[in-house]
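**Q** Dropping the structure in here first, questions after.
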Amino acid sequence: MRVSTLRLLTFAVLAVWLTACGPSIYMAQDFRAYVPKHKTVAILPASVTMQLRPNQARNTSAEQLRNLEQQSGSDFQEKIYSWLLRRAGQRAYTVQFQDIMQTNSRLRESGIPFSELRNHSPQELAKILGVDAVLTTSVRTSKPMSDGAAVALGVLVGAWGATNQANITVNIHESDAGKLLWKYDYVANGSVGSSTEGMVNVLMRNASKKFPYTPKS
């Protein structure tokens, strides 16, 4: 009897845990009204926050950490852009995605440094980039490396090692009023975070069925 009760309790806890770790997707009710107006979407560098372990933090200066976060943000931007390009033919997206080289060039010309992107509204950034909507990504990682001495090398080459958890949020805002049209929250655990590319593949594969700008979205 005790064994059965324990198994039932274990199953219930596992079910709750799996539900809590599942993706969460929001789409504005009037999203379809924007689709005919939108032709081009820009993908911004991701905003990455790394929460290092104490021993890792001691071996990493504030400047090094900022550089690592910026490099990781650029990696996410590139991998998401590449993923969408590869799927464009299959999914028949109703929009084009601005080349990230053009996106980053226009951001540099505007005088907005990478570290200041999050201080500007999606509406403002969309107008600077000359697009109809912007896709922004926020990534918060915990314990990105198992070895503090490998932080700098590991992140720069994409070898994240044993990532404990990564909380990822992808938003799409339209340009006119900056309204949030689509929001996707995802938690990646364990070996999912072994590389930026692997993380993006899992993230976008899970989001693909509900990704906007498709005929059935």
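By order in the structure tokens, chains are A, B, ...; within a chain, residues start at 1; ligands start at 1, following the order shown.
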Residues near Trp182 of chain A, anyone? I mean within 9 Å using only C-alpha atoms, not counting same-chain ones fewer than 3 positions away, as a PyMOL selection string.
**A** chain A and resi 25-28+31+170-173+211-212
**Q** Write a file of the selected residues as a tab-separated table (two decimals), in the first residue's frame, keeping all heavy atoms.
**A**
chain	number	residue	atom	x	y	z
A	25	ILE	N	3.06	30.03	-24.44
A	25	ILE	CA	2.94	30.86	-25.64
A	25	ILE	C	1.74	31.80	-25.54
A	25	ILE	O	0.65	31.39	-25.16
A	25	ILE	CB	2.80	29.99	-26.91
A	25	ILE	CG1	4.04	29.10	-27.08
A	25	ILE	CG2	2.61	30.86	-28.15
A	25	ILE	CD1	3.94	28.15	-28.25
A	26	TYR	N	1.98	33.06	-25.87
A	26	TYR	CA	0.90	34.06	-25.91
A	26	TYR	C	0.86	34.67	-27.30
A	26	TYR	O	1.89	34.97	-27.89
A	26	TYR	CB	1.16	35.17	-24.89
A	26	TYR	CG	0.40	36.45	-25.18
A	26	TYR	CD1	-0.94	36.58	-24.81
A	26	TYR	CD2	1.01	37.51	-25.86
A	26	TYR	CE1	-1.65	37.75	-25.10
A	26	TYR	CE2	0.32	38.67	-26.15
A	26	TYR	CZ	-1.01	38.78	-25.77
A	26	TYR	OH	-1.71	39.93	-26.06
A	27	MET	N	-0.34	34.84	-27.83
A	27	MET	CA	-0.53	35.54	-29.08
A	27	MET	C	-1.69	36.52	-28.93
A	27	MET	O	-2.75	36.14	-28.42
A	27	MET	CB	-0.80	34.58	-30.24
A	27	MET	CG	-0.98	35.30	-31.59
A	27	MET	SD	-1.32	34.17	-32.97
A	27	MET	CE	0.28	33.38	-33.15
A	28	ALA	N	-1.49	37.76	-29.33
A	28	ALA	CA	-2.54	38.76	-29.23
A	28	ALA	C	-3.75	38.34	-30.04
A	28	ALA	O	-3.62	37.79	-31.14
A	28	ALA	CB	-2.02	40.11	-29.72
A	31	PHE	N	-3.88	39.59	-33.56
A	31	PHE	CA	-2.64	39.42	-34.31
A	31	PHE	C	-2.90	39.33	-35.81
A	31	PHE	O	-2.16	39.91	-36.62
A	31	PHE	CB	-1.90	38.16	-33.85
A	31	PHE	CG	-0.68	37.86	-34.68
A	31	PHE	CD1	0.51	38.52	-34.45
A	31	PHE	CD2	-0.74	36.93	-35.71
A	31	PHE	CE1	1.63	38.26	-35.23
A	31	PHE	CE2	0.37	36.66	-36.49
A	31	PHE	CZ	1.56	37.32	-36.25
A	170	VAL	N	11.08	34.86	-25.96
A	170	VAL	CA	11.11	35.46	-27.29
A	170	VAL	C	9.85	36.31	-27.45
A	170	VAL	O	8.74	35.82	-27.23
A	170	VAL	CB	11.17	34.39	-28.40
A	170	VAL	CG1	11.23	35.05	-29.77
A	170	VAL	CG2	12.37	33.48	-28.19
A	171	ASN	N	10.03	37.57	-27.82
A	171	ASN	CA	8.91	38.48	-28.00
A	171	ASN	C	8.89	39.05	-29.42
A	171	ASN	O	9.95	39.24	-30.02
A	171	ASN	CB	8.99	39.68	-27.03
A	171	ASN	CG	8.83	39.27	-25.58
A	171	ASN	OD1	8.06	38.38	-25.28
A	171	ASN	ND2	9.56	39.91	-24.70
A	172	ILE	N	7.70	39.32	-29.94
A	172	ILE	CA	7.55	40.04	-31.19
A	172	ILE	C	6.66	41.24	-30.93
A	172	ILE	O	5.51	41.10	-30.48
A	172	ILE	CB	6.96	39.16	-32.31
A	172	ILE	CG1	7.93	38.03	-32.67
A	172	ILE	CG2	6.64	40.01	-33.55
A	172	ILE	CD1	7.41	37.09	-33.75
A	173	HIS	N	7.19	42.44	-31.19
A	173	HIS	CA	6.44	43.69	-31.04
A	173	HIS	C	6.26	44.33	-32.41
A	173	HIS	O	7.18	44.32	-33.23
A	173	HIS	CB	7.17	44.68	-30.12
A	173	HIS	CG	7.20	44.28	-28.69
A	173	HIS	ND1	8.11	43.38	-28.18
A	173	HIS	CD2	6.45	44.68	-27.63
A	173	HIS	CE1	7.92	43.23	-26.88
A	173	HIS	NE2	6.92	44.01	-26.51
A	211	PHE	N	4.46	29.39	-34.15
A	211	PHE	CA	5.19	30.58	-34.56
A	211	PHE	C	4.32	31.42	-35.49
A	211	PHE	O	3.68	30.89	-36.40
A	211	PHE	CB	6.49	30.20	-35.27
A	211	PHE	CG	7.41	31.36	-35.47
A	211	PHE	CD1	8.16	31.86	-34.42
A	211	PHE	CD2	7.52	31.96	-36.71
A	211	PHE	CE1	9.01	32.94	-34.61
A	211	PHE	CE2	8.36	33.05	-36.90
A	211	PHE	CZ	9.11	33.54	-35.84
A	212	PRO	N	4.29	32.75	-35.26
A	212	PRO	CA	3.41	33.60	-36.07
A	212	PRO	C	3.91	33.79	-37.49
A	212	PRO	O	4.97	33.30	-37.86
A	212	PRO	CB	3.43	34.93	-35.29
A	212	PRO	CG	4.75	34.93	-34.62
A	212	PRO	CD	5.01	33.49	-34.23
**Q** Determine, counting only C-alpha atoms, which protein, DNA and RNA residues have an atom within 7 Å of an atom of segment 125-134 of chain A; residues of the same chain fewer than 4 positions away are not included. Present the result as an mmCIF file with C-alpha atoms, in the first residue's frame.
**A**
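Contents of the output file part27.cif:
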data_model
loop_
_atom_site.group_PDB
_atom_site.id
_atom_site.type_symbol
_atom_site.label_atom_id
_atom_site.label_comp_id
_atom_site.auth_asym_id
_atom_site.auth_seq_id
_atom_site.Cartn_x
_atom_site.Cartn_y
_atom_site.Cartn_z
ATOM 1 C CA HIS A 38 3.854 43.300 -41.961
ATOM 2 C CA LYS A 39 6.465 42.622 -44.623
ATOM 3 C CA THR A 40 9.794 42.617 -42.762
ATOM 4 C CA VAL A 41 10.785 41.541 -39.246
ATOM 5 C CA ALA A 42 14.161 42.287 -37.642
ATOM 6 C CA ILE A 43 15.864 39.879 -35.251
ATOM 7 C CA THR A 103 20.210 45.032 -38.677
ATOM 8 C CA ARG A 106 21.813 50.167 -38.727
ATOM 9 C CA HIS A 120 15.200 51.395 -26.009
ATOM 10 C CA SER A 121 11.633 50.437 -26.777
ATOM 11 C CA ILE A 172 7.553 40.044 -31.191
ATOM 12 C CA HIS A 173 6.439 43.687 -31.038
ATOM 13 C CA GLU A 174 4.878 45.641 -33.898
ATOM 14 C CA SER A 175 6.373 48.974 -34.934
#
**Q** Using DSSP on the backbone, list every residue of segment 31-115 of chain A that comes out as strand (DSSP E), and give them as a PyMOL selection string.
**A** chain A and resi 40-43+47-51+96-97
**Q** Would you kindly return, as an mmCIF file with N, CA and C atoms, in the first residue's frame, each protein, DNA or RNA residue with an atom no farther than 9 Å from any atom of Tyr186 of chain A, considering only C-alpha atoms and excluding same-chain residues fewer than 3 positions away?
**A**
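New file out.cif:
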data_model
loop_
_atom_site.group_PDB
_atom_site.id
_atom_site.type_symbol
_atom_site.label_atom_id
_atom_site.label_comp_id
_atom_site.auth_asym_id
_atom_site.auth_seq_id
_atom_site.Cartn_x
_atom_site.Cartn_y
_atom_site.Cartn_z
ATOM 1 N N CYS A 21 7.766 23.059 -16.500
ATOM 2 C CA CYS A 21 8.893 23.275 -17.393
ATOM 3 C C CYS A 21 8.463 23.401 -18.850
ATOM 4 N N GLY A 22 7.182 23.216 -19.120
ATOM 5 C CA GLY A 22 6.710 23.272 -20.492
ATOM 6 C C GLY A 22 6.697 24.688 -21.019
ATOM 7 N N PRO A 23 6.683 24.848 -22.354
ATOM 8 C CA PRO A 23 6.678 26.178 -22.946
ATOM 9 C C PRO A 23 5.346 26.890 -22.742
ATOM 10 N N SER A 24 5.406 28.201 -22.703
ATOM 11 C CA SER A 24 4.210 29.035 -22.561
ATOM 12 C C SER A 24 4.175 30.003 -23.736
ATOM 13 N N ILE A 25 3.057 30.033 -24.443
ATOM 14 C CA ILE A 25 2.937 30.862 -25.640
ATOM 15 C C ILE A 25 1.743 31.798 -25.539
ATOM 16 N N ALA A 166 18.391 27.286 -18.459
ATOM 17 C CA ALA A 166 18.348 28.523 -19.232
ATOM 18 C C ALA A 166 16.896 28.922 -19.420
ATOM 19 N N ASN A 167 16.554 30.119 -18.958
ATOM 20 C CA ASN A 167 15.208 30.663 -19.133
ATOM 21 C C ASN A 167 15.235 31.589 -20.344
ATOM 22 N N ILE A 168 14.419 31.273 -21.345
ATOM 23 C CA ILE A 168 14.446 32.003 -22.608
ATOM 24 C C ILE A 168 13.064 32.576 -22.903
ATOM 25 N N THR A 169 13.041 33.847 -23.282
ATOM 26 C CA THR A 169 11.795 34.501 -23.675
ATOM 27 C C THR A 169 11.987 35.150 -25.038
ATOM 28 N N VAL A 170 11.077 34.864 -25.955
ATOM 29 C CA VAL A 170 11.110 35.465 -27.290
ATOM 30 C C VAL A 170 9.849 36.311 -27.450
ATOM 31 N N LEU A 203 14.523 25.265 -28.850
ATOM 32 C CA LEU A 203 13.608 26.381 -28.619
ATOM 33 C C LEU A 203 12.668 26.584 -29.804
ATOM 34 N N ASN A 206 10.212 23.662 -30.696
ATOM 35 C CA ASN A 206 9.039 23.646 -29.824
ATOM 36 C C ASN A 206 8.062 24.762 -30.175
#
**Q** Interatomic distance between atom CA of Ala188 of chain A and atom CA of Phe76 of chain A?
**A**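 If I compute the distance from atom CA of Ala188 of chain A to atom CA of Phe76 of chain A, I get 14.2 Å.
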**Q** When you draw a straight line from atom CA of Gln56 of chain A to atom CA of Val139 of chain A, how long is it in Å?
**A** 18.7 Å
**Q** Using only C-alpha atoms, pick whichever of A:Glu109, A:Ser115, A:Gln77, A:Asn189 has the shortest atom-to-atom distance to Leu65 of chain A.
**A**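 Checking each candidate against Leu65 of chain A, we get A:Ser115 as the closest.
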**Q** Find the spatial neighbours of Leu117 of chain A, counting only C-alpha atoms, within a cut-off of 12 Å - ignore same-chain residues fewer than 6 positions away - and output them as a list in words.
**A**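 My list of contacting residues is Leu44, Pro45, Ala46, Ser47, Val48, Gln70, Gly73, Asn104, Leu107, Arg108, Ser110, Gly111, Gln123, Glu124, Leu125, Ala126, Ile128, Thr136, Thr137 and Ser138 of chain A.
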**Q** Would you please work out which residue, of A:Met50, A:Val187, A:Val35, A:Ile80, is nearest to Val95 of chain A when using only C-alpha atoms?
**A**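 Closest to Val95 of chain A, using only C-alpha atoms: A:Val35.
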**Q** Counting only C-alpha atoms, which residue out of A:Asn67, A:Thr196, A:Pro36, A:Thr214 sits closest to Gly89 of chain A?
**A**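 Using only C-alpha atoms, Gly89 of chain A sits closest to A:Thr214.
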**Q** Give me, please, the distance in Å between atom CA of Asp30 of chain A and atom CA of Ala177 of chain A, quoted to one decimal.
**A**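 Computing it gives 13.8 Å between the two atoms.
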